[in-house]
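Okay, query.cif is below, mmCIF, N, CA and C atoms:
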data_upload
loop_
_atom_site.label_atom_id
_atom_site.label_comp_id
_atom_site.auth_asym_id
_atom_site.auth_seq_id
_atom_site.Cartn_x
_atom_site.Cartn_y
_atom_site.Cartn_z
N MET I 1 -174.34 -158.34 -28.28
CA MET I 1 -174.48 -157.29 -29.27
C MET I 1 -173.17 -157.17 -30.04
N PRO I 2 -173.28 -157.17 -31.37
CA PRO I 2 -172.06 -157.09 -32.17
C PRO I 2 -171.44 -155.70 -32.07
N ALA I 3 -170.17 -155.67 -32.24
CA ALA I 3 -169.45 -154.39 -32.24
C ALA I 3 -169.85 -153.60 -33.49
N PRO I 4 -169.85 -152.30 -33.41
CA PRO I 4 -170.28 -151.51 -34.56
C PRO I 4 -169.49 -151.80 -35.83
N THR I 5 -168.28 -152.24 -35.74
CA THR I 5 -167.50 -152.52 -36.94
C THR I 5 -167.83 -153.87 -37.54
N ASP I 6 -168.53 -154.73 -36.83
CA ASP I 6 -168.87 -156.04 -37.34
C ASP I 6 -170.10 -156.01 -38.25
N VAL I 7 -170.92 -155.00 -38.17
CA VAL I 7 -172.17 -154.93 -38.95
C VAL I 7 -171.95 -154.00 -40.14
N PRO I 8 -172.07 -154.52 -41.33
CA PRO I 8 -171.92 -153.63 -42.49
C PRO I 8 -173.10 -152.65 -42.56
N LEU I 9 -172.80 -151.42 -42.78
CA LEU I 9 -173.84 -150.41 -42.92
C LEU I 9 -174.30 -150.38 -44.37
N ARG I 10 -175.59 -150.42 -44.53
CA ARG I 10 -176.15 -150.40 -45.89
C ARG I 10 -177.10 -149.22 -46.03
N TRP I 11 -176.86 -148.50 -47.04
CA TRP I 11 -177.76 -147.40 -47.33
C TRP I 11 -179.00 -147.98 -47.98
N PRO I 12 -180.18 -147.60 -47.53
CA PRO I 12 -181.39 -148.24 -48.07
C PRO I 12 -181.74 -147.81 -49.49
N PHE I 13 -181.06 -146.79 -50.03
CA PHE I 13 -181.40 -146.33 -51.36
C PHE I 13 -180.26 -146.60 -52.32
N ARG I 14 -180.61 -146.95 -53.53
CA ARG I 14 -179.59 -147.14 -54.55
C ARG I 14 -179.40 -145.85 -55.32
N ARG I 15 -178.20 -145.61 -55.63
CA ARG I 15 -177.89 -144.42 -56.41
C ARG I 15 -178.27 -144.67 -57.86
N ARG I 16 -179.00 -143.76 -58.43
CA ARG I 16 -179.43 -143.90 -59.82
C ARG I 16 -178.60 -142.98 -60.70
N ALA I 17 -178.45 -143.40 -61.91
CA ALA I 17 -177.74 -142.56 -62.88
C ALA I 17 -178.60 -141.33 -63.17
N ALA I 18 -177.94 -140.24 -63.47
CA ALA I 18 -178.67 -139.02 -63.81
C ALA I 18 -179.50 -139.26 -65.06
N PRO I 19 -180.72 -138.77 -65.07
CA PRO I 19 -181.56 -138.99 -66.26
C PRO I 19 -181.00 -138.22 -67.46
N GLU I 20 -181.26 -138.75 -68.63
CA GLU I 20 -180.86 -138.08 -69.87
C GLU I 20 -181.65 -136.78 -69.99
N PRO I 21 -181.02 -135.73 -70.46
CA PRO I 21 -181.81 -134.50 -70.65
C PRO I 21 -182.88 -134.73 -71.70
N ALA I 22 -184.01 -134.11 -71.49
CA ALA I 22 -185.12 -134.25 -72.44
C ALA I 22 -184.73 -133.60 -73.76
N PRO I 23 -185.11 -134.19 -74.87
CA PRO I 23 -184.78 -133.57 -76.16
C PRO I 23 -185.54 -132.25 -76.29
N ARG I 24 -184.91 -131.33 -76.99
CA ARG I 24 -185.54 -130.03 -77.20
C ARG I 24 -186.73 -130.21 -78.13
N PRO I 25 -187.81 -129.50 -77.85
CA PRO I 25 -188.93 -129.56 -78.79
C PRO I 25 -188.55 -128.85 -80.08
N PRO I 26 -189.17 -129.21 -81.19
CA PRO I 26 -188.86 -128.52 -82.44
C PRO I 26 -189.15 -127.03 -82.31
N ARG I 27 -188.27 -126.24 -82.89
CA ARG I 27 -188.44 -124.78 -82.81
C ARG I 27 -188.60 -124.20 -84.20
N ASP I 28 -189.48 -123.23 -84.33
CA ASP I 28 -189.57 -122.53 -85.60
C ASP I 28 -188.48 -121.46 -85.64
N LEU I 29 -188.34 -120.80 -86.77
CA LEU I 29 -187.28 -119.81 -86.92
C LEU I 29 -187.43 -118.65 -85.94
N ASN I 30 -188.66 -118.28 -85.62
CA ASN I 30 -188.86 -117.20 -84.65
C ASN I 30 -188.26 -117.56 -83.30
N ARG I 31 -188.55 -118.76 -82.82
CA ARG I 31 -188.03 -119.18 -81.53
C ARG I 31 -186.51 -119.35 -81.58
N LEU I 32 -186.02 -119.86 -82.68
CA LEU I 32 -184.59 -120.07 -82.83
C LEU I 32 -183.83 -118.73 -82.81
N ILE I 33 -184.36 -117.72 -83.48
CA ILE I 33 -183.73 -116.39 -83.46
C ILE I 33 -183.74 -115.84 -82.04
N LEU I 34 -184.84 -116.01 -81.33
CA LEU I 34 -184.90 -115.55 -79.94
C LEU I 34 -183.86 -116.27 -79.08
N ASP I 35 -183.73 -117.58 -79.25
CA ASP I 35 -182.74 -118.34 -78.47
C ASP I 35 -181.31 -117.90 -78.79
N VAL I 36 -181.02 -117.70 -80.06
CA VAL I 36 -179.67 -117.25 -80.46
C VAL I 36 -179.40 -115.86 -79.88
N ALA I 37 -180.37 -114.97 -79.98
CA ALA I 37 -180.19 -113.60 -79.47
C ALA I 37 -179.99 -113.58 -77.96
N GLU I 38 -180.70 -114.45 -77.25
CA GLU I 38 -180.61 -114.43 -75.79
C GLU I 38 -179.45 -115.23 -75.23
N TYR I 39 -179.20 -116.42 -75.79
CA TYR I 39 -178.26 -117.35 -75.15
C TYR I 39 -176.93 -117.48 -75.87
N GLN I 40 -176.83 -117.05 -77.14
CA GLN I 40 -175.58 -117.11 -77.90
C GLN I 40 -174.95 -118.50 -77.88
N ASP I 41 -175.77 -119.54 -77.99
CA ASP I 41 -175.29 -120.92 -77.95
C ASP I 41 -174.83 -121.35 -79.35
N ASP I 42 -173.66 -121.97 -79.43
CA ASP I 42 -173.12 -122.39 -80.73
C ASP I 42 -174.03 -123.38 -81.45
N GLU I 43 -174.64 -124.30 -80.71
CA GLU I 43 -175.55 -125.27 -81.34
C GLU I 43 -176.77 -124.57 -81.93
N ASP I 44 -177.26 -123.55 -81.24
CA ASP I 44 -178.40 -122.79 -81.78
C ASP I 44 -178.00 -122.04 -83.04
N HIS I 45 -176.79 -121.45 -83.05
CA HIS I 45 -176.30 -120.78 -84.27
C HIS I 45 -176.26 -121.77 -85.43
N ASP I 46 -175.69 -122.95 -85.18
CA ASP I 46 -175.60 -123.95 -86.24
C ASP I 46 -176.98 -124.34 -86.76
N GLU I 47 -177.91 -124.58 -85.84
CA GLU I 47 -179.25 -124.97 -86.28
C GLU I 47 -179.91 -123.84 -87.07
N LEU I 48 -179.75 -122.61 -86.61
CA LEU I 48 -180.34 -121.47 -87.34
C LEU I 48 -179.80 -121.41 -88.75
N PHE I 49 -178.48 -121.47 -88.91
CA PHE I 49 -177.90 -121.34 -90.25
C PHE I 49 -178.23 -122.54 -91.14
N ARG I 50 -178.33 -123.74 -90.57
CA ARG I 50 -178.76 -124.90 -91.36
C ARG I 50 -180.19 -124.70 -91.85
N ARG I 51 -181.06 -124.21 -90.99
CA ARG I 51 -182.46 -124.02 -91.34
C ARG I 51 -182.64 -122.88 -92.35
N LEU I 52 -181.77 -121.87 -92.28
CA LEU I 52 -181.88 -120.75 -93.22
C LEU I 52 -181.56 -121.16 -94.65
N ALA I 53 -180.81 -122.23 -94.83
CA ALA I 53 -180.46 -122.69 -96.18
C ALA I 53 -181.72 -122.97 -97.01
N ASP I 54 -182.79 -123.41 -96.36
CA ASP I 54 -184.03 -123.74 -97.07
C ASP I 54 -185.16 -122.76 -96.79
N ALA I 55 -184.89 -121.72 -96.03
CA ALA I 55 -185.95 -120.82 -95.59
C ALA I 55 -186.24 -119.74 -96.62
N THR I 56 -187.50 -119.34 -96.65
CA THR I 56 -187.91 -118.17 -97.41
C THR I 56 -187.96 -117.01 -96.45
N LEU I 57 -187.32 -115.91 -96.82
CA LEU I 57 -187.30 -114.70 -95.99
C LEU I 57 -188.06 -113.60 -96.72
N TYR I 58 -188.37 -112.55 -96.00
CA TYR I 58 -189.20 -111.48 -96.53
C TYR I 58 -188.55 -110.13 -96.27
N ALA I 59 -188.75 -109.21 -97.21
CA ALA I 59 -188.25 -107.85 -97.08
C ALA I 59 -189.29 -106.91 -97.66
N PRO I 60 -189.36 -105.68 -97.18
CA PRO I 60 -190.26 -104.72 -97.80
C PRO I 60 -189.86 -104.48 -99.26
N ALA I 61 -190.85 -104.32 -100.12
CA ALA I 61 -190.57 -104.07 -101.53
C ALA I 61 -189.92 -102.70 -101.69
N GLY I 62 -188.96 -102.63 -102.57
CA GLY I 62 -188.27 -101.36 -102.83
C GLY I 62 -187.09 -101.61 -103.73
N PRO I 63 -186.43 -100.53 -104.17
CA PRO I 63 -185.31 -100.69 -105.10
C PRO I 63 -184.08 -101.35 -104.46
N GLU I 64 -183.95 -101.27 -103.14
CA GLU I 64 -182.83 -101.92 -102.46
C GLU I 64 -183.31 -102.38 -101.09
N PRO I 65 -182.57 -103.28 -100.46
CA PRO I 65 -183.02 -103.77 -99.15
C PRO I 65 -183.07 -102.64 -98.13
N PRO I 66 -184.12 -102.61 -97.31
CA PRO I 66 -184.17 -101.57 -96.28
C PRO I 66 -183.05 -101.80 -95.27
N SER I 67 -182.45 -100.72 -94.83
CA SER I 67 -181.34 -100.90 -93.90
C SER I 67 -181.67 -100.28 -92.55
N VAL I 68 -181.01 -100.81 -91.53
CA VAL I 68 -181.18 -100.37 -90.15
C VAL I 68 -179.83 -99.89 -89.66
N ASP I 69 -179.80 -98.72 -89.06
CA ASP I 69 -178.55 -98.17 -88.52
C ASP I 69 -178.31 -98.76 -87.14
N LEU I 70 -177.21 -99.49 -86.97
CA LEU I 70 -176.88 -100.10 -85.69
C LEU I 70 -175.93 -99.25 -84.87
N GLY I 71 -175.64 -98.07 -85.33
CA GLY I 71 -174.72 -97.20 -84.61
C GLY I 71 -173.29 -97.47 -85.05
N GLY I 72 -172.43 -96.53 -84.81
CA GLY I 72 -171.03 -96.69 -85.20
C GLY I 72 -170.83 -96.73 -86.70
N GLY I 73 -171.79 -96.20 -87.44
CA GLY I 73 -171.69 -96.20 -88.90
C GLY I 73 -172.04 -97.51 -89.55
N LEU I 74 -172.57 -98.48 -88.81
CA LEU I 74 -172.94 -99.78 -89.38
C LEU I 74 -174.40 -99.78 -89.81
N ARG I 75 -174.63 -100.20 -91.05
CA ARG I 75 -176.00 -100.32 -91.57
C ARG I 75 -176.20 -101.76 -92.03
N PHE I 76 -177.26 -102.36 -91.55
CA PHE I 76 -177.56 -103.75 -91.87
C PHE I 76 -178.92 -103.82 -92.58
N ALA I 77 -179.02 -104.69 -93.57
CA ALA I 77 -180.28 -104.90 -94.28
C ALA I 77 -181.21 -105.74 -93.41
N ALA I 78 -182.48 -105.35 -93.37
CA ALA I 78 -183.46 -106.04 -92.54
C ALA I 78 -184.20 -107.10 -93.35
N LEU I 79 -184.20 -108.33 -92.84
CA LEU I 79 -184.98 -109.42 -93.41
C LEU I 79 -185.84 -110.02 -92.31
N TYR I 80 -187.00 -110.52 -92.68
CA TYR I 80 -187.97 -111.03 -91.70
C TYR I 80 -188.30 -112.48 -92.02
N VAL I 81 -188.54 -113.27 -90.99
CA VAL I 81 -188.86 -114.69 -91.20
C VAL I 81 -190.36 -114.92 -91.31
N ASN I 82 -191.16 -113.90 -91.03
CA ASN I 82 -192.61 -114.03 -91.08
C ASN I 82 -193.15 -113.06 -92.13
N GLY I 83 -193.78 -113.59 -93.15
CA GLY I 83 -194.33 -112.76 -94.22
C GLY I 83 -195.50 -111.90 -93.79
N HIS I 84 -196.07 -112.15 -92.61
CA HIS I 84 -197.19 -111.36 -92.11
C HIS I 84 -196.75 -110.32 -91.09
N ASP I 85 -195.45 -110.12 -90.94
CA ASP I 85 -194.93 -109.15 -89.98
C ASP I 85 -195.39 -107.75 -90.38
N PRO I 86 -196.02 -107.01 -89.46
CA PRO I 86 -196.50 -105.66 -89.82
C PRO I 86 -195.38 -104.68 -90.18
N ARG I 87 -194.16 -104.97 -89.79
CA ARG I 87 -193.04 -104.07 -90.13
C ARG I 87 -192.71 -104.11 -91.62
N LEU I 88 -193.25 -105.10 -92.33
CA LEU I 88 -192.99 -105.20 -93.77
C LEU I 88 -193.77 -104.16 -94.57
N GLY I 89 -194.84 -103.63 -94.02
CA GLY I 89 -195.64 -102.65 -94.75
C GLY I 89 -196.54 -103.33 -95.77
N GLU I 90 -196.92 -102.56 -96.78
CA GLU I 90 -197.88 -103.05 -97.77
C GLU I 90 -197.30 -104.06 -98.75
N GLY I 91 -196.17 -103.75 -99.34
CA GLY I 91 -195.59 -104.64 -100.33
C GLY I 91 -194.40 -105.39 -99.75
N LEU I 92 -194.24 -106.63 -100.20
CA LEU I 92 -193.09 -107.39 -99.73
C LEU I 92 -192.54 -108.23 -100.85
N VAL I 93 -191.29 -108.61 -100.71
CA VAL I 93 -190.66 -109.52 -101.65
C VAL I 93 -190.17 -110.74 -100.85
N THR I 94 -190.17 -111.88 -101.51
CA THR I 94 -189.62 -113.08 -100.88
C THR I 94 -188.24 -113.34 -101.46
N VAL I 95 -187.38 -113.87 -100.63
CA VAL I 95 -186.00 -114.11 -101.06
C VAL I 95 -185.45 -115.30 -100.28
N ARG I 96 -184.62 -116.07 -100.93
CA ARG I 96 -183.90 -117.15 -100.25
C ARG I 96 -182.67 -116.53 -99.58
N PHE I 97 -182.19 -117.17 -98.53
CA PHE I 97 -181.10 -116.61 -97.73
C PHE I 97 -179.84 -116.40 -98.58
N ALA I 98 -179.44 -117.38 -99.38
CA ALA I 98 -178.23 -117.25 -100.19
C ALA I 98 -178.35 -116.09 -101.17
N GLU I 99 -179.53 -115.93 -101.76
CA GLU I 99 -179.76 -114.83 -102.70
C GLU I 99 -179.70 -113.48 -101.96
N ALA I 100 -180.24 -113.44 -100.75
CA ALA I 100 -180.20 -112.20 -99.96
C ALA I 100 -178.76 -111.80 -99.65
N LEU I 101 -177.92 -112.77 -99.33
CA LEU I 101 -176.52 -112.46 -99.04
C LEU I 101 -175.85 -111.85 -100.27
N ARG I 102 -176.10 -112.41 -101.46
CA ARG I 102 -175.52 -111.86 -102.69
C ARG I 102 -176.00 -110.43 -102.92
N MET I 103 -177.29 -110.19 -102.74
CA MET I 103 -177.84 -108.85 -102.95
C MET I 103 -177.23 -107.84 -101.98
N ILE I 104 -177.08 -108.25 -100.73
CA ILE I 104 -176.54 -107.35 -99.71
C ILE I 104 -175.08 -107.01 -100.01
N GLU I 105 -174.32 -107.99 -100.48
CA GLU I 105 -172.91 -107.73 -100.83
C GLU I 105 -172.79 -106.72 -101.95
N GLN I 106 -173.78 -106.68 -102.84
CA GLN I 106 -173.74 -105.77 -103.98
C GLN I 106 -174.33 -104.40 -103.67
N THR I 107 -174.87 -104.23 -102.47
CA THR I 107 -175.48 -102.95 -102.10
C THR I 107 -174.47 -102.11 -101.34
N PRO I 108 -174.06 -100.97 -101.89
CA PRO I 108 -173.08 -100.13 -101.20
C PRO I 108 -173.64 -99.59 -99.88
N GLY I 109 -172.78 -99.53 -98.89
CA GLY I 109 -173.16 -98.94 -97.61
C GLY I 109 -173.90 -99.88 -96.67
N VAL I 110 -174.09 -101.15 -97.06
CA VAL I 110 -174.75 -102.12 -96.19
C VAL I 110 -173.69 -103.10 -95.71
N ASP I 111 -173.60 -103.26 -94.39
CA ASP I 111 -172.52 -104.03 -93.78
C ASP I 111 -172.90 -105.42 -93.31
N GLY I 112 -174.14 -105.84 -93.51
CA GLY I 112 -174.57 -107.16 -93.07
C GLY I 112 -176.07 -107.28 -93.12
N VAL I 113 -176.59 -108.30 -92.46
CA VAL I 113 -178.03 -108.58 -92.47
C VAL I 113 -178.53 -108.73 -91.04
N LEU I 114 -179.75 -108.22 -90.80
CA LEU I 114 -180.46 -108.43 -89.54
C LEU I 114 -181.62 -109.36 -89.83
N LEU I 115 -181.64 -110.50 -89.18
CA LEU I 115 -182.76 -111.43 -89.30
C LEU I 115 -183.71 -111.16 -88.15
N HIS I 116 -184.91 -110.68 -88.47
CA HIS I 116 -185.89 -110.34 -87.44
C HIS I 116 -186.88 -111.49 -87.25
N SER I 117 -187.13 -111.81 -85.99
CA SER I 117 -188.23 -112.72 -85.69
C SER I 117 -189.51 -111.90 -85.71
N ASP I 118 -190.66 -112.55 -85.50
CA ASP I 118 -191.90 -111.77 -85.47
C ASP I 118 -192.10 -111.13 -84.11
N ARG I 119 -191.16 -111.30 -83.23
CA ARG I 119 -191.17 -110.60 -81.94
C ARG I 119 -190.08 -109.53 -82.00
N ALA I 120 -189.53 -109.15 -80.88
CA ALA I 120 -188.52 -108.08 -80.87
C ALA I 120 -187.11 -108.60 -81.12
N ALA I 121 -186.92 -109.91 -81.18
CA ALA I 121 -185.57 -110.48 -81.30
C ALA I 121 -185.05 -110.39 -82.72
N TYR I 122 -183.74 -110.25 -82.83
CA TYR I 122 -183.08 -110.29 -84.13
C TYR I 122 -181.66 -110.82 -83.95
N VAL I 123 -181.09 -111.29 -85.06
CA VAL I 123 -179.72 -111.76 -85.10
C VAL I 123 -179.01 -110.96 -86.19
N ALA I 124 -177.88 -110.36 -85.84
CA ALA I 124 -177.09 -109.59 -86.79
C ALA I 124 -175.97 -110.46 -87.35
N ILE I 125 -175.83 -110.45 -88.66
CA ILE I 125 -174.76 -111.21 -89.32
C ILE I 125 -173.94 -110.23 -90.15
N PRO I 126 -172.71 -109.96 -89.73
CA PRO I 126 -171.87 -109.02 -90.50
C PRO I 126 -171.45 -109.63 -91.83
N GLU I 127 -171.22 -108.78 -92.80
CA GLU I 127 -170.86 -109.22 -94.15
C GLU I 127 -169.60 -110.09 -94.15
N GLY I 128 -168.70 -109.88 -93.22
CA GLY I 128 -167.49 -110.69 -93.14
C GLY I 128 -167.75 -112.16 -92.85
N GLU I 129 -168.95 -112.50 -92.38
CA GLU I 129 -169.32 -113.90 -92.10
C GLU I 129 -169.98 -114.60 -93.28
N PHE I 130 -170.32 -113.87 -94.33
CA PHE I 130 -171.08 -114.45 -95.43
C PHE I 130 -170.36 -115.63 -96.08
N ASP I 131 -169.05 -115.49 -96.35
CA ASP I 131 -168.32 -116.57 -97.01
C ASP I 131 -168.31 -117.84 -96.14
N ARG I 132 -168.12 -117.69 -94.84
CA ARG I 132 -168.14 -118.84 -93.94
C ARG I 132 -169.52 -119.50 -93.94
N LEU I 133 -170.58 -118.70 -93.95
CA LEU I 133 -171.93 -119.26 -93.98
C LEU I 133 -172.17 -120.04 -95.27
N ARG I 134 -171.72 -119.48 -96.38
CA ARG I 134 -171.89 -120.19 -97.67
C ARG I 134 -171.11 -121.50 -97.66
N ARG I 135 -169.91 -121.46 -97.17
CA ARG I 135 -169.05 -122.64 -97.16
C ARG I 135 -169.61 -123.74 -96.26
N ASN I 136 -170.13 -123.38 -95.08
CA ASN I 136 -170.53 -124.37 -94.09
C ASN I 136 -172.00 -124.76 -94.11
N TYR I 137 -172.87 -123.88 -94.62
CA TYR I 137 -174.30 -124.14 -94.49
C TYR I 137 -175.09 -124.08 -95.77
N LEU I 138 -174.64 -123.31 -96.76
CA LEU I 138 -175.47 -123.11 -97.97
C LEU I 138 -174.98 -123.91 -99.15
#

Structure encoded using structure tokens:
Amino acid sequence: MPAPTDVPLRWPFRRRAAPEPAPRPPRDLNRLILDVAEYQDDEDHDELFRRLADATLYAPAGPEPPSVDLGGGLRFAALYVNGHDPRLGEGLVTVRFAEALRMIEQTPGVDGVLLHSDRAAYVAIPEGEFDRLRRNYL
């Protein structure tokens, strides 16, 4: 019988490389807003802002954008990604994201924009970020 050191020990299984992560399925703006709101991932932020460059957004019709009080004296204009959202009421206007940013900057007392999904999720963008968004995404 050979000594234990004379017989090479062989593991019967080969080590495999870790599988590549599965690619993310395509997401609509509603899902993307939910992901940004929940996970605060930089890649999700980038994808959202890239997609907003070509997106049509919706707001209730009126003389100025409707605003939402976020507390602390901050008021943000509400925009929706779904034109059938019941929160829009009877009349609605369509607007491109870049145009919405310009309108919000010209509205006194509004400090940014809230992008609402058709669920409860939203993403708040303060007015101080508008120039960076224009420079990098629009």

(Q) Can you tell me which residues surround I:Asn82 at a distance of at most 6.5 Å, considering only N, CA and C atoms, apart from same-chain residues fewer than 3 positions away, and format the answer as a list in words? (A) Leu57, Tyr58, Asp85, His116, Ser117 and Asp118 of chain I

Q | Selection dump of the PyMOL selection byres ((chain I and resi 29-42) around 8), as number ranges by chain | A | I: 26-28, 43-48, 51-52, 81-82, 115-124

Q | Nearest to I:Thr94 by atom-to-atom distance, counting only N, CA and C atoms, from I:Ala77, I:Leu138, I:Val68, I:Ala59 | A | I:Ala59

Q.
Env of stretch 100-102 of chain I: 8 Å cut, atoms = only C-alpha atoms, seq-sep filter 4 positions within chain, self excluded. Answer as JSON, numbers by chain.
A. {"I": [95, 96, 106, 113, 130]}

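Atom CA of I:Arg134 lies 8.2 Å from atom N of I:Ala98.
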
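Here the PyMOL selection byres (((chain I and resi 91 and name CA) around 6) and name CA) catches exactly these residues: I:Pro60, I:Ala61, I:Gly89, I:Glu90, I:Leu92.
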
Q. Which residue, I:Ala17, I:Pro23, I:Glu105, I:Arg50, has the smallest gap to I:Asn136 when you use only C-alpha atoms?
A. I:Arg50

Q | Atomic distance atom CA of I:Val93 - atom CA of I:Pro126, expressed in Å with one decimal | A | 21.9 Å

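Our summary of the geometry notes that atom N of I:Tyr137 is positioned 14.1 Å from atom C of I:Ala55.
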
Q | Every residue of stretch 2-90 of chain I that DSSP places in alpha helix (DSSP H), as a ChimeraX atom specification | A | /I:29-39,42-52

N, CA and C atoms of the current selection, written as an mmCIF file, in the coordinates of the input:
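Final file, again.cif:
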data_model
loop_
_atom_site.group_PDB
_atom_site.id
_atom_site.type_symbol
_atom_site.label_atom_id
_atom_site.label_comp_id
_atom_site.auth_asym_id
_atom_site.auth_seq_id
_atom_site.Cartn_x
_atom_site.Cartn_y
_atom_site.Cartn_z
ATOM 1 N N LEU I 29 -188.340 -120.800 -86.770
ATOM 2 C CA LEU I 29 -187.280 -119.810 -86.920
ATOM 3 C C LEU I 29 -187.430 -118.650 -85.940
ATOM 4 N N ASN I 30 -188.660 -118.280 -85.620
ATOM 5 C CA ASN I 30 -188.860 -117.200 -84.650
ATOM 6 C C ASN I 30 -188.260 -117.560 -83.300
ATOM 7 N N ARG I 31 -188.550 -118.760 -82.820
ATOM 8 C CA ARG I 31 -188.030 -119.180 -81.530
ATOM 9 C C ARG I 31 -186.510 -119.350 -81.580
ATOM 10 N N LEU I 32 -186.020 -119.860 -82.680
ATOM 11 C CA LEU I 32 -184.590 -120.070 -82.830
ATOM 12 C C LEU I 32 -183.830 -118.730 -82.810
ATOM 13 N N ILE I 33 -184.360 -117.720 -83.480
ATOM 14 C CA ILE I 33 -183.730 -116.390 -83.460
ATOM 15 C C ILE I 33 -183.740 -115.840 -82.040
ATOM 16 N N LEU I 34 -184.840 -116.010 -81.330
ATOM 17 C CA LEU I 34 -184.900 -115.550 -79.940
ATOM 18 C C LEU I 34 -183.860 -116.270 -79.080
ATOM 19 N N ASP I 35 -183.730 -117.580 -79.250
ATOM 20 C CA ASP I 35 -182.740 -118.340 -78.470
ATOM 21 C C ASP I 35 -181.310 -117.900 -78.790
ATOM 22 N N VAL I 36 -181.020 -117.700 -80.060
ATOM 23 C CA VAL I 36 -179.670 -117.250 -80.460
ATOM 24 C C VAL I 36 -179.400 -115.860 -79.880
ATOM 25 N N ALA I 37 -180.370 -114.970 -79.980
ATOM 26 C CA ALA I 37 -180.190 -113.600 -79.470
ATOM 27 C C ALA I 37 -179.990 -113.580 -77.960
ATOM 28 N N GLU I 38 -180.700 -114.450 -77.250
ATOM 29 C CA GLU I 38 -180.610 -114.430 -75.790
ATOM 30 C C GLU I 38 -179.450 -115.230 -75.230
ATOM 31 N N TYR I 39 -179.200 -116.420 -75.790
ATOM 32 C CA TYR I 39 -178.260 -117.350 -75.150
ATOM 33 C C TYR I 39 -176.930 -117.480 -75.870
ATOM 34 N N ASP I 42 -173.660 -121.970 -79.430
ATOM 35 C CA ASP I 42 -173.120 -122.390 -80.730
ATOM 36 C C ASP I 42 -174.030 -123.380 -81.450
ATOM 37 N N GLU I 43 -174.640 -124.300 -80.710
ATOM 38 C CA GLU I 43 -175.550 -125.270 -81.340
ATOM 39 C C GLU I 43 -176.770 -124.570 -81.930
ATOM 40 N N ASP I 44 -177.260 -123.550 -81.240
ATOM 41 C CA ASP I 44 -178.400 -122.790 -81.780
ATOM 42 C C ASP I 44 -178.000 -122.040 -83.040
ATOM 43 N N HIS I 45 -176.790 -121.450 -83.050
ATOM 44 C CA HIS I 45 -176.300 -120.780 -84.270
ATOM 45 C C HIS I 45 -176.260 -121.770 -85.430
ATOM 46 N N ASP I 46 -175.690 -122.950 -85.180
ATOM 47 C CA ASP I 46 -175.600 -123.950 -86.240
ATOM 48 C C ASP I 46 -176.980 -124.340 -86.760
ATOM 49 N N GLU I 47 -177.910 -124.580 -85.840
ATOM 50 C CA GLU I 47 -179.250 -124.970 -86.280
ATOM 51 C C GLU I 47 -179.910 -123.840 -87.070
ATOM 52 N N LEU I 48 -179.750 -122.610 -86.610
ATOM 53 C CA LEU I 48 -180.340 -121.470 -87.340
ATOM 54 C C LEU I 48 -179.800 -121.410 -88.750
ATOM 55 N N PHE I 49 -178.480 -121.470 -88.910
ATOM 56 C CA PHE I 49 -177.900 -121.340 -90.250
ATOM 57 C C PHE I 49 -178.230 -122.540 -91.140
ATOM 58 N N ARG I 50 -178.330 -123.740 -90.570
ATOM 59 C CA ARG I 50 -178.760 -124.900 -91.360
ATOM 60 C C ARG I 50 -180.190 -124.700 -91.850
ATOM 61 N N ARG I 51 -181.060 -124.210 -90.990
ATOM 62 C CA ARG I 51 -182.460 -124.020 -91.340
ATOM 63 C C ARG I 51 -182.640 -122.880 -92.350
ATOM 64 N N LEU I 52 -181.770 -121.870 -92.280
ATOM 65 C CA LEU I 52 -181.880 -120.750 -93.220
ATOM 66 C C LEU I 52 -181.560 -121.160 -94.650
#

Q | Of the listed residues I:Gly73, I:Phe49, I:Gly62, I:Ser67, that which approaches I:Leu133 most closely, counting only N, CA and C atoms | A | I:Phe49

(Q) Please expand the PyMOL selection byres (((chain I and resi 112 and name CA) around 6) and name CA) into the concrete residues it hits in this file, giving the result as a ChimeraX atom specification. (A) /I:76,110-111,113,125-127
